[in-house]
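Visitor: The following file, query-v3.cif, comprises mmCIF, C-alpha atoms and all ligand atoms:
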```
data_target
loop_
_atom_site.label_atom_id
_atom_site.label_comp_id
_atom_site.auth_asym_id
_atom_site.auth_seq_id
_atom_site.Cartn_x
_atom_site.Cartn_y
_atom_site.Cartn_z
CA MET X 1 39.99 8.96 -20.25
CA THR X 2 37.05 10.92 -21.66
CA SER X 3 33.78 10.74 -19.82
CA ASP X 4 31.46 12.49 -22.23
CA LEU X 5 28.02 11.13 -21.46
CA PHE X 6 27.27 10.84 -25.18
CA ASP X 7 30.48 8.98 -26.05
CA SER X 8 29.55 5.70 -24.49
CA VAL X 9 26.47 3.55 -24.54
CA PRO X 10 25.57 2.70 -20.95
CA ASP X 11 25.94 -0.97 -20.06
CA THR X 12 22.54 -1.94 -18.72
CA ARG X 13 23.15 -5.68 -18.43
CA PRO X 14 22.83 -7.19 -14.99
CA VAL X 15 26.19 -8.00 -13.42
CA ARG X 16 25.16 -11.55 -12.67
CA GLU X 17 23.04 -13.68 -14.99
CA ASP X 18 22.05 -17.22 -14.09
CA MET X 19 22.31 -19.47 -17.15
CA ALA X 20 21.28 -22.75 -15.52
CA GLU X 21 21.68 -24.43 -12.17
CA GLY X 22 25.42 -24.23 -11.40
CA ALA X 23 26.15 -21.91 -14.35
CA VAL X 24 26.45 -18.15 -13.97
CA LEU X 25 27.55 -15.37 -16.30
CA LEU X 26 29.37 -12.50 -14.55
CA HIS X 27 29.17 -9.59 -16.97
CA GLY X 28 32.31 -7.44 -17.19
CA HIS X 29 33.86 -9.23 -14.24
CA ALA X 30 37.40 -9.35 -15.71
CA LYS X 31 37.42 -5.76 -16.99
CA PRO X 32 39.24 -4.25 -13.99
CA VAL X 33 42.23 -6.54 -14.70
CA GLU X 34 42.11 -6.51 -18.52
CA GLY X 35 45.52 -4.81 -18.82
CA GLU X 36 47.28 -7.29 -16.55
CA LEU X 37 45.67 -10.21 -18.36
CA ILE X 38 46.76 -8.95 -21.78
CA VAL X 39 50.37 -8.26 -20.69
CA ALA X 40 50.62 -11.74 -19.14
CA LEU X 41 49.03 -13.29 -22.24
CA ARG X 42 51.74 -11.75 -24.47
CA GLU X 43 54.44 -13.33 -22.31
CA ILE X 44 52.79 -16.75 -22.45
CA VAL X 45 52.38 -16.61 -26.22
CA ALA X 46 56.05 -15.63 -26.66
CA GLN X 47 57.01 -18.95 -24.99
CA ALA X 48 54.15 -21.15 -26.20
CA PRO X 49 52.70 -19.74 -29.44
CA PHE X 50 49.11 -20.29 -30.55
CA ARG X 51 48.73 -23.27 -32.84
CA ARG X 52 45.80 -24.97 -34.56
CA MET X 53 45.68 -28.53 -33.28
CA HIS X 54 44.19 -31.58 -34.96
CA THR X 55 41.29 -33.62 -33.64
CA PRO X 56 41.57 -37.40 -33.33
CA GLY X 57 39.40 -37.55 -36.46
CA GLY X 58 42.08 -35.68 -38.38
CA HIS X 59 40.38 -32.28 -38.73
CA GLN X 60 42.36 -29.15 -38.02
CA MET X 61 40.56 -26.92 -35.51
CA SER X 62 39.65 -23.39 -36.59
CA VAL X 63 40.43 -22.13 -33.08
CA ALA X 64 44.15 -21.70 -32.27
CA MET X 65 45.22 -22.79 -28.77
CA THR X 66 47.95 -22.62 -26.18
CA ASN X 67 48.05 -23.24 -22.42
CA CYS X 68 49.52 -22.10 -19.16
CA GLY X 69 49.68 -23.78 -15.77
CA GLN X 70 50.90 -27.18 -14.62
CA LEU X 71 48.85 -28.97 -17.26
CA GLY X 72 47.76 -28.07 -20.77
CA TRP X 73 44.92 -29.50 -22.83
CA ILE X 74 46.03 -30.90 -26.17
CA THR X 75 44.56 -32.85 -29.04
CA ASP X 76 46.20 -34.78 -31.86
CA ARG X 77 45.63 -37.95 -33.87
CA SER X 78 45.94 -40.08 -30.72
CA GLY X 79 43.26 -38.25 -28.72
CA TYR X 80 42.42 -35.49 -26.26
CA ARG X 81 44.42 -35.27 -23.03
CA TYR X 82 46.26 -33.08 -20.54
CA ASP X 83 50.05 -32.92 -20.63
CA GLY X 84 52.58 -30.99 -18.55
CA ASN X 85 54.70 -30.19 -21.61
CA ASP X 86 54.07 -28.29 -24.82
CA PRO X 87 54.38 -30.89 -27.60
CA GLU X 88 55.81 -28.22 -29.94
CA THR X 89 58.83 -27.48 -27.73
CA GLY X 90 58.98 -30.36 -25.23
CA GLN X 91 59.13 -27.68 -22.51
CA PRO X 92 56.69 -27.27 -19.59
CA TRP X 93 53.80 -24.93 -20.31
CA PRO X 94 54.38 -21.37 -19.03
CA ALA X 95 53.39 -20.94 -15.38
CA MET X 96 49.93 -19.61 -14.62
CA PRO X 97 50.32 -15.84 -14.02
CA ALA X 98 49.21 -14.61 -10.58
CA ALA X 99 46.62 -12.31 -12.19
CA PHE X 100 45.04 -15.29 -13.98
CA LEU X 101 44.96 -17.45 -10.87
CA GLN X 102 43.51 -14.71 -8.68
CA LEU X 103 40.77 -13.91 -11.15
CA ALA X 104 39.79 -17.58 -11.55
CA ILE X 105 39.67 -18.26 -7.81
CA GLU X 106 37.77 -15.06 -7.07
CA ALA X 107 35.23 -15.55 -9.89
CA ALA X 108 34.60 -19.15 -8.80
CA ALA X 109 34.02 -17.99 -5.22
CA THR X 110 31.65 -15.25 -6.42
CA ALA X 111 29.65 -17.93 -8.21
CA GLY X 112 29.54 -20.08 -5.07
CA PHE X 113 32.45 -22.49 -5.66
CA LYS X 114 34.67 -21.79 -2.66
CA ASP X 115 37.78 -23.93 -3.01
CA PHE X 116 38.55 -23.84 -6.72
CA MET X 117 42.27 -24.30 -7.40
CA PRO X 118 42.89 -24.61 -11.14
CA ASP X 119 45.94 -26.51 -12.41
CA ALA X 120 45.27 -25.87 -16.11
CA CYS X 121 44.37 -22.89 -18.27
CA LEU X 122 43.50 -23.47 -21.93
CA ILE X 123 43.81 -20.31 -24.02
CA ASN X 124 41.72 -20.14 -27.20
CA ARG X 125 42.12 -17.62 -30.01
CA TYR X 126 39.25 -17.09 -32.46
CA GLU X 127 39.80 -15.16 -35.65
CA PRO X 128 36.81 -14.21 -37.82
CA GLY X 129 34.95 -17.36 -38.88
CA ALA X 130 36.53 -19.59 -36.20
CA ARG X 131 34.05 -21.67 -34.21
CA MET X 132 33.85 -24.44 -31.67
CA SER X 133 31.36 -27.22 -32.25
CA LEU X 134 29.17 -28.57 -29.46
CA HIS X 135 31.16 -30.60 -26.95
CA GLN X 136 31.37 -31.59 -23.30
CA ASP X 137 34.48 -30.92 -21.21
CA ARG X 138 35.16 -34.39 -19.89
CA ASP X 139 38.92 -34.91 -20.00
CA GLU X 140 39.29 -33.85 -16.36
CA GLN X 141 39.59 -36.40 -13.55
CA ASP X 142 37.11 -34.84 -11.15
CA PHE X 143 33.89 -33.25 -12.35
CA GLY X 144 33.39 -31.85 -8.83
CA ALA X 145 35.40 -28.74 -9.72
CA PRO X 146 33.81 -25.98 -11.81
CA ILE X 147 35.25 -24.42 -14.98
CA VAL X 148 35.90 -20.69 -15.15
CA SER X 149 35.84 -19.13 -18.61
CA VAL X 150 37.07 -15.58 -19.34
CA SER X 151 36.31 -13.81 -22.63
CA LEU X 152 38.38 -10.95 -24.08
CA GLY X 153 38.28 -9.09 -27.38
CA LEU X 154 35.53 -9.46 -29.96
CA PRO X 155 32.11 -10.65 -28.76
CA ALA X 156 30.96 -14.19 -29.49
CA ILE X 157 27.75 -16.17 -29.28
CA PHE X 158 28.14 -18.95 -26.74
CA LEU X 159 25.93 -21.98 -27.35
CA PHE X 160 24.75 -23.52 -24.11
CA GLY X 161 22.80 -26.75 -24.42
CA GLY X 162 21.87 -29.54 -22.07
CA LEU X 163 23.21 -32.86 -20.88
CA GLU X 164 22.18 -34.52 -24.16
CA ARG X 165 23.72 -33.44 -27.46
CA SER X 166 20.23 -33.34 -29.02
CA GLU X 167 19.04 -30.54 -26.74
CA LYS X 168 18.76 -27.26 -28.63
CA PRO X 169 21.36 -24.83 -27.26
CA ARG X 170 20.42 -21.41 -25.90
CA ARG X 171 22.55 -18.50 -27.09
CA PHE X 172 24.44 -16.12 -24.80
CA ARG X 173 26.47 -13.19 -26.05
CA LEU X 174 29.90 -13.13 -24.39
CA GLU X 175 31.66 -9.77 -24.49
CA HIS X 176 35.08 -8.50 -23.51
CA GLY X 177 35.53 -9.00 -19.77
CA ASP X 178 32.68 -11.46 -19.30
CA VAL X 179 33.31 -14.48 -17.07
CA VAL X 180 31.27 -17.69 -17.08
CA VAL X 181 31.53 -20.07 -14.14
CA TRP X 182 29.91 -23.44 -14.32
CA GLY X 183 29.94 -26.59 -12.34
CA GLY X 184 27.65 -28.76 -10.27
CA PRO X 185 24.62 -29.92 -12.28
CA SER X 186 25.86 -27.97 -15.35
CA ARG X 187 29.40 -29.36 -15.39
CA LEU X 188 28.78 -31.72 -18.31
CA VAL X 189 26.50 -29.52 -20.39
CA PHE X 190 27.09 -29.53 -24.17
CA HIS X 191 28.38 -26.16 -25.33
CA GLY X 192 30.13 -24.43 -28.23
CA VAL X 193 30.85 -21.12 -29.91
CA ALA X 194 29.16 -19.82 -33.11
CA PRO X 195 31.44 -18.63 -35.96
CA LEU X 196 33.14 -15.40 -34.88
CA VAL X 197 31.80 -12.31 -36.63
CA ASP X 198 34.50 -9.98 -37.93
CA GLY X 199 35.10 -6.72 -36.12
CA GLU X 200 37.77 -4.65 -34.46
CA HIS X 201 38.29 -4.61 -30.71
CA SER X 202 40.07 -1.57 -29.25
CA LEU X 203 42.59 -3.65 -27.24
CA LEU X 204 42.81 -6.93 -29.15
CA GLY X 205 41.95 -6.15 -32.76
CA ARG X 206 40.27 -8.77 -34.95
CA GLN X 207 40.15 -11.64 -32.50
CA ARG X 208 38.48 -13.14 -29.48
CA ILE X 209 40.56 -14.67 -26.70
CA ASN X 210 39.08 -17.10 -24.18
CA PHE X 211 40.73 -18.58 -21.11
CA THR X 212 39.21 -21.69 -19.55
CA PHE X 213 40.51 -22.59 -16.13
CA ARG X 214 40.07 -26.17 -15.00
CA ARG X 215 41.08 -28.59 -12.33
CA ALA X 216 42.39 -31.38 -14.53
CA ARG X 217 43.88 -33.74 -11.87
C1 LIG P 1 35.16 -20.58 -25.63
N1 LIG P 1 34.78 -22.40 -24.21
O1 LIG P 1 34.41 -19.88 -24.99
C2 LIG P 1 35.12 -22.07 -25.51
N2 LIG P 1 34.26 -25.03 -21.93
O2 LIG P 1 35.97 -20.13 -26.41
C3 LIG P 1 34.58 -23.63 -23.78
O3 LIG P 1 34.66 -24.60 -24.49
C4 LIG P 1 34.23 -23.81 -22.40
O4 LIG P 1 33.85 -21.50 -22.03
C5 LIG P 1 33.91 -25.27 -20.66
C6 LIG P 1 33.55 -24.26 -19.81
C7 LIG P 1 33.54 -22.99 -20.26
C8 LIG P 1 33.86 -22.74 -21.57
FE FE P 2 34.45 -26.47 -23.44
#
```
What do you get writing this file as structure tokens?
Guide:
Amino acid sequence: MTSDLFDSVPDTRPVREDMAEGAVLLHGHAKPVEGELIVALREIVAQAPFRRMHTPGGHQMSVAMTNCGQLGWITDRSGYRYDGNDPETGQPWPAMPAAFLQLAIEAAATAGFKDFMPDACLINRYEPGARMSLHQDRDEQDFGAPIVSVSLGLPAIFLFGGLERSEKPRRFRLEHGDVVVWGGPSRLVFHGVAPLVDGEHSLLGRQRINFTFRRAR
């Protein structure tokens, strides 16, 4: 590891940034465990490869997805839902790795949500141009639990709106290692991701990976 002062641009962002009531951005929070996360991700993807699912309206998503944990989020012509099995293989989703679970629980606690115990982790892969349109996460049974979102790889612009779709979203840049935790009054906020700008990340290449941990049931 080189530590030439002139090699790196100092990171002057605050560690903790409040986005809204119940929503906090923890800058660089996942960086200390980036290696463990990436190794575990490779194992998951070997069992349950990324795939581009279809919305109920028949559109193919630009973001490719897979899951780990007891439940996985899926979408197809019949709707959005959680399922214990991967529809591609009929097998249970890969187990949630300990490093994932620990990070999610610890980040939630740091943000003030003490008893978060996720049973689902949706894994999103964005290649250049991929985007996620404004949506609410409302396929979970209990909106009392927060969502923990971990970003790795290329940076993205996260669109963070309000409780009505019409509210103009604010833009937050999410970089490698950033963690967003939201719940409480922000749990049903409309949000999305702007089209990914091409680039090259030193660990992950031309892609952004996002994990969202939820309590689905
Ligand atoms: C993404 N994230 O960052 C998409 N949803 O790739 C989400 O849709 C999301 O980051 C709920 C809570 C946090 C999120
Ligand atoms: Fe979402």
Visitor: So which one's closest to ligand FE 2 (chain P), X:Pro128, X:Pro97, X:Gly22, X:Gly161? Using all atoms listed in the file, please.
Guide: X:Gly161
Visitor: Using Å and a single decimal, report how far atom CA of X:Ala95 sits from atom CA of X:Glu140.
Guide: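 Atom CA of X:Ala95 lies at a distance of 19.1 Å from atom CA of X:Glu140.
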Visitor: Atom CA of X:His59 to atom CA of X:Gln207: how many Å, to one decimal?
Guide: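 Taking atom CA of X:His59 and atom CA of X:Gln207, their separation equals 21.6 Å.
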Visitor: Give me, as CSV, the closest atom pair and its distance (Å, one decimal) for every residue of chain X within a cut-off of 7 Å of ligand FE 2 (chain P), counting all atoms listed in the file, rows sorted by chain and rising number.
Guide:
```
residue,atom,partner,partner_atom,distance
X:His135,CA,P:FE2,FE,6.3
X:Gln136,CA,P:FE2,FE,6.0
X:Asp137,CA,P:FE2,FE,5.0
X:His191,CA,P:FE2,FE,6.4
X:Gly192,CA,P:FE2,FE,6.8
```
Visitor: So that I can see what lies close to X:Pro32, please list as a JSON list (two decimals) with C-alpha atoms, keeping the file's coordinate frame the residues with an atom at most 12 Å from it, counting only C-alpha atoms and leaving out residues fewer than 2 positions away in the same chain.
Guide:
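Once everything was written out, this is out.json:
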```json
[["chain", "number", "residue", "atom", "x", "y", "z"],
["X", 27, "HIS", "CA", 29.17, -9.59, -16.97],
["X", 28, "GLY", "CA", 32.31, -7.44, -17.19],
["X", 29, "HIS", "CA", 33.86, -9.23, -14.24],
["X", 30, "ALA", "CA", 37.40, -9.35, -15.71],
["X", 34, "GLU", "CA", 42.11, -6.51, -18.52],
["X", 35, "GLY", "CA", 45.52, -4.81, -18.82],
["X", 36, "GLU", "CA", 47.28, -7.29, -16.55],
["X", 37, "LEU", "CA", 45.67, -10.21, -18.36],
["X", 38, "ILE", "CA", 46.76, -8.95, -21.78],
["X", 99, "ALA", "CA", 46.62, -12.31, -12.19],
["X", 103, "LEU", "CA", 40.77, -13.91, -11.15],
["X", 176, "HIS", "CA", 35.08, -8.50, -23.51],
["X", 177, "GLY", "CA", 35.53, -9.00, -19.77],
["X", 178, "ASP", "CA", 32.68, -11.46, -19.30]]
```
Visitor: Residues at most 10 Å from ligand LIG 1 (chain P), using only C-alpha atoms and all ligand atoms? Could they come as a VMD selection string?
Guide: chain X and resid 23 63 65 122 to 126 130 to 138 146 to 152 156 to 160 174 179 to 183 186 to 194 208 to 214
Visitor: Using only C-alpha atoms, which residue out of X:Asp86, X:Glu43, X:Glu175, X:Glu106 lies closest to X:Pro118?
Guide: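 Of X:Asp86, X:Glu43, X:Glu175, X:Glu106, the one nearest X:Pro118, counting only C-alpha atoms, is X:Glu106.
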Visitor: Which residue gives the smallest distance to X:Val45 among X:Thr12, X:Gln91, X:Gln141, X:Asn67, with all atoms listed in the file counted?
Guide: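 For X:Val45, the nearest of the candidates is X:Asn67.
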Visitor: Rounded to one decimal, what separation in Å do you get between atom CA of X:Met61 and atom CA of X:Trp93?
Guide: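 The value is 20.3 Å.
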Visitor: Give me the residues within 8 Å of X:Leu71 as a list in words, counting all atoms listed in the file and dropping any in the same chain fewer than 2 places off.
Guide: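 Close residues of X:Leu71: Asn67, Cys68, Gly69, Trp73, Tyr82, Asp83, Gly84, Asn85, Trp93, Asp119, Ala120, Cys121 and Ala216 of chain X.
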Visitor: Please enclose the listed atoms of stretch 91-110 of chain X in an axis-aligned box, pad each side by 3 Å, and write out the centre and the three edge lengths in Å, rounded to one decimal, as lines of an AutoDock Vina configuration file.
Guide:
```
center_x = 45.4
center_y = -20.0
center_z = -13.9
size_x = 33.5
size_y = 21.4
size_z = 23.3
```
Visitor: Using all atoms listed in the file for the distances, tell me which of X:Gly112, X:Leu203, X:Pro49, X:Gly162 is nearest to X:Lys31.
Guide: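 Closest residue, counting all atoms listed in the file: X:Leu203.
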Visitor: Using all atoms listed in the file, which of X:Gly72, X:Val9, X:Ala64, X:Arg165 sits nearest X:Arg52?
Guide: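 Counting all atoms listed in the file, the residue closest to X:Arg52 is X:Ala64.
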Visitor: Generate the coordinates of N, CA, C and O atoms for stretch 39-65 of chain X; report them as a JSON list (two decimals), in the coordinates of the input.
Guide:
```
[["chain", "number", "residue", "atom", "x", "y", "z"],
["X", 39, "VAL", "N", 48.90, -8.25, -20.81],
["X", 39, "VAL", "CA", 50.37, -8.26, -20.69],
["X", 39, "VAL", "C", 50.85, -9.69, -20.43],
["X", 39, "VAL", "O", 51.79, -10.18, -21.07],
["X", 40, "ALA", "N", 50.21, -10.37, -19.48],
["X", 40, "ALA", "CA", 50.62, -11.74, -19.14],
["X", 40, "ALA", "C", 50.39, -12.69, -20.32],
["X", 40, "ALA", "O", 51.20, -13.59, -20.58],
["X", 41, "LEU", "N", 49.31, -12.46, -21.06],
["X", 41, "LEU", "CA", 49.03, -13.29, -22.24],
["X", 41, "LEU", "C", 50.16, -13.17, -23.26],
["X", 41, "LEU", "O", 50.60, -14.17, -23.84],
["X", 42, "ARG", "N", 50.65, -11.95, -23.48],
["X", 42, "ARG", "CA", 51.74, -11.75, -24.47],
["X", 42, "ARG", "C", 52.97, -12.55, -24.07],
["X", 42, "ARG", "O", 53.65, -13.12, -24.92],
["X", 43, "GLU", "N", 53.26, -12.59, -22.77],
["X", 43, "GLU", "CA", 54.44, -13.33, -22.31],
["X", 43, "GLU", "C", 54.26, -14.83, -22.52],
["X", 43, "GLU", "O", 55.18, -15.54, -22.90],
["X", 44, "ILE", "N", 53.06, -15.31, -22.25],
["X", 44, "ILE", "CA", 52.79, -16.75, -22.45],
["X", 44, "ILE", "C", 52.97, -17.11, -23.92],
["X", 44, "ILE", "O", 53.63, -18.10, -24.27],
["X", 45, "VAL", "N", 52.38, -16.29, -24.79],
["X", 45, "VAL", "CA", 52.38, -16.61, -26.22],
["X", 45, "VAL", "C", 53.79, -16.52, -26.82],
["X", 45, "VAL", "O", 54.11, -17.22, -27.79],
["X", 46, "ALA", "N", 54.66, -15.70, -26.19],
["X", 46, "ALA", "CA", 56.05, -15.63, -26.66],
["X", 46, "ALA", "C", 56.76, -16.97, -26.40],
["X", 46, "ALA", "O", 57.64, -17.37, -27.16],
["X", 47, "GLN", "N", 56.38, -17.67, -25.33],
["X", 47, "GLN", "CA", 57.01, -18.95, -24.99],
["X", 47, "GLN", "C", 56.31, -20.14, -25.64],
["X", 47, "GLN", "O", 56.92, -21.14, -25.97],
["X", 48, "ALA", "N", 54.98, -20.03, -25.70],
["X", 48, "ALA", "CA", 54.15, -21.15, -26.20],
["X", 48, "ALA", "C", 53.15, -20.55, -27.19],
["X", 48, "ALA", "O", 52.03, -20.19, -26.82],
["X", 49, "PRO", "N", 53.55, -20.42, -28.46],
["X", 49, "PRO", "CA", 52.70, -19.74, -29.44],
["X", 49, "PRO", "C", 51.37, -20.46, -29.68],
["X", 49, "PRO", "O", 51.26, -21.68, -29.49],
["X", 50, "PHE", "N", 50.37, -19.69, -30.11],
["X", 50, "PHE", "CA", 49.11, -20.29, -30.55],
["X", 50, "PHE", "C", 49.37, -21.22, -31.72],
["X", 50, "PHE", "O", 50.18, -20.92, -32.60],
["X", 51, "ARG", "N", 48.66, -22.33, -31.73],
["X", 51, "ARG", "CA", 48.73, -23.27, -32.84],
["X", 51, "ARG", "C", 47.37, -23.91, -33.03],
["X", 51, "ARG", "O", 46.61, -24.05, -32.06],
["X", 52, "ARG", "N", 47.07, -24.30, -34.27],
["X", 52, "ARG", "CA", 45.80, -24.97, -34.56],
["X", 52, "ARG", "C", 46.03, -26.46, -34.52],
["X", 52, "ARG", "O", 46.71, -27.02, -35.38],
["X", 53, "MET", "N", 45.46, -27.10, -33.50],
["X", 53, "MET", "CA", 45.68, -28.53, -33.28],
["X", 53, "MET", "C", 44.73, -29.36, -34.15],
["X", 53, "MET", "O", 43.78, -28.84, -34.72],
["X", 54, "HIS", "N", 45.02, -30.64, -34.20],
["X", 54, "HIS", "CA", 44.19, -31.58, -34.96],
["X", 54, "HIS", "C", 43.37, -32.44, -34.01],
["X", 54, "HIS", "O", 43.84, -32.84, -32.95],
["X", 55, "THR", "N", 42.13, -32.73, -34.43],
["X", 55, "THR", "CA", 41.29, -33.62, -33.64],
["X", 55, "THR", "C", 41.70, -35.06, -33.93],
["X", 55, "THR", "O", 42.37, -35.34, -34.93],
["X", 56, "PRO", "N", 41.26, -35.99, -33.06],
["X", 56, "PRO", "CA", 41.57, -37.40, -33.33],
["X", 56, "PRO", "C", 41.04, -37.85, -34.69],
["X", 56, "PRO", "O", 41.62, -38.72, -35.34],
["X", 57, "GLY", "N", 39.96, -37.22, -35.15],
["X", 57, "GLY", "CA", 39.40, -37.55, -36.46],
["X", 57, "GLY", "C", 40.19, -36.98, -37.62],
["X", 57, "GLY", "O", 39.87, -37.25, -38.79],
["X", 58, "GLY", "N", 41.20, -36.18, -37.33],
["X", 58, "GLY", "CA", 42.08, -35.68, -38.38],
["X", 58, "GLY", "C", 41.77, -34.28, -38.87],
["X", 58, "GLY", "O", 42.46, -33.74, -39.72],
["X", 59, "HIS", "N", 40.71, -33.65, -38.31],
["X", 59, "HIS", "CA", 40.38, -32.28, -38.73],
["X", 59, "HIS", "C", 41.24, -31.28, -37.99],
["X", 59, "HIS", "O", 41.51, -31.44, -36.80],
["X", 60, "GLN", "N", 41.64, -30.23, -38.70],
["X", 60, "GLN", "CA", 42.36, -29.15, -38.02],
["X", 60, "GLN", "C", 41.33, -28.18, -37.43],
["X", 60, "GLN", "O", 40.39, -27.76, -38.10],
["X", 61, "MET", "N", 41.51, -27.83, -36.16],
["X", 61, "MET", "CA", 40.56, -26.92, -35.51],
["X", 61, "MET", "C", 40.70, -25.51, -36.07],
["X", 61, "MET", "O", 41.81, -25.08, -36.42],
["X", 62, "SER", "N", 39.59, -24.78, -36.13],
["X", 62, "SER", "CA", 39.65, -23.39, -36.59],
["X", 62, "SER", "C", 40.14, -22.47, -35.48],
["X", 62, "SER", "O", 40.66, -21.39, -35.74],
["X", 63, "VAL", "N", 39.97, -22.89, -34.24],
["X", 63, "VAL", "CA", 40.43, -22.13, -33.08],
["X", 63, "VAL", "C", 41.91, -22.48, -32.84],
["X", 63, "VAL", "O", 42.27, -23.65, -32.87],
["X", 64, "ALA", "N", 42.74, -21.46, -32.61],
["X", 64, "ALA", "CA", 44.15, -21.70, -32.27],
["X", 64, "ALA", "C", 44.26, -21.73, -30.75],
["X", 64, "ALA", "O", 43.55, -20.99, -30.06],
["X", 65, "MET", "N", 45.15, -22.57, -30.22],
["X", 65, "MET", "CA", 45.22, -22.79, -28.77],
["X", 65, "MET", "C", 46.65, -22.75, -28.25],
["X", 65, "MET", "O", 47.60, -23.07, -28.95]]
```
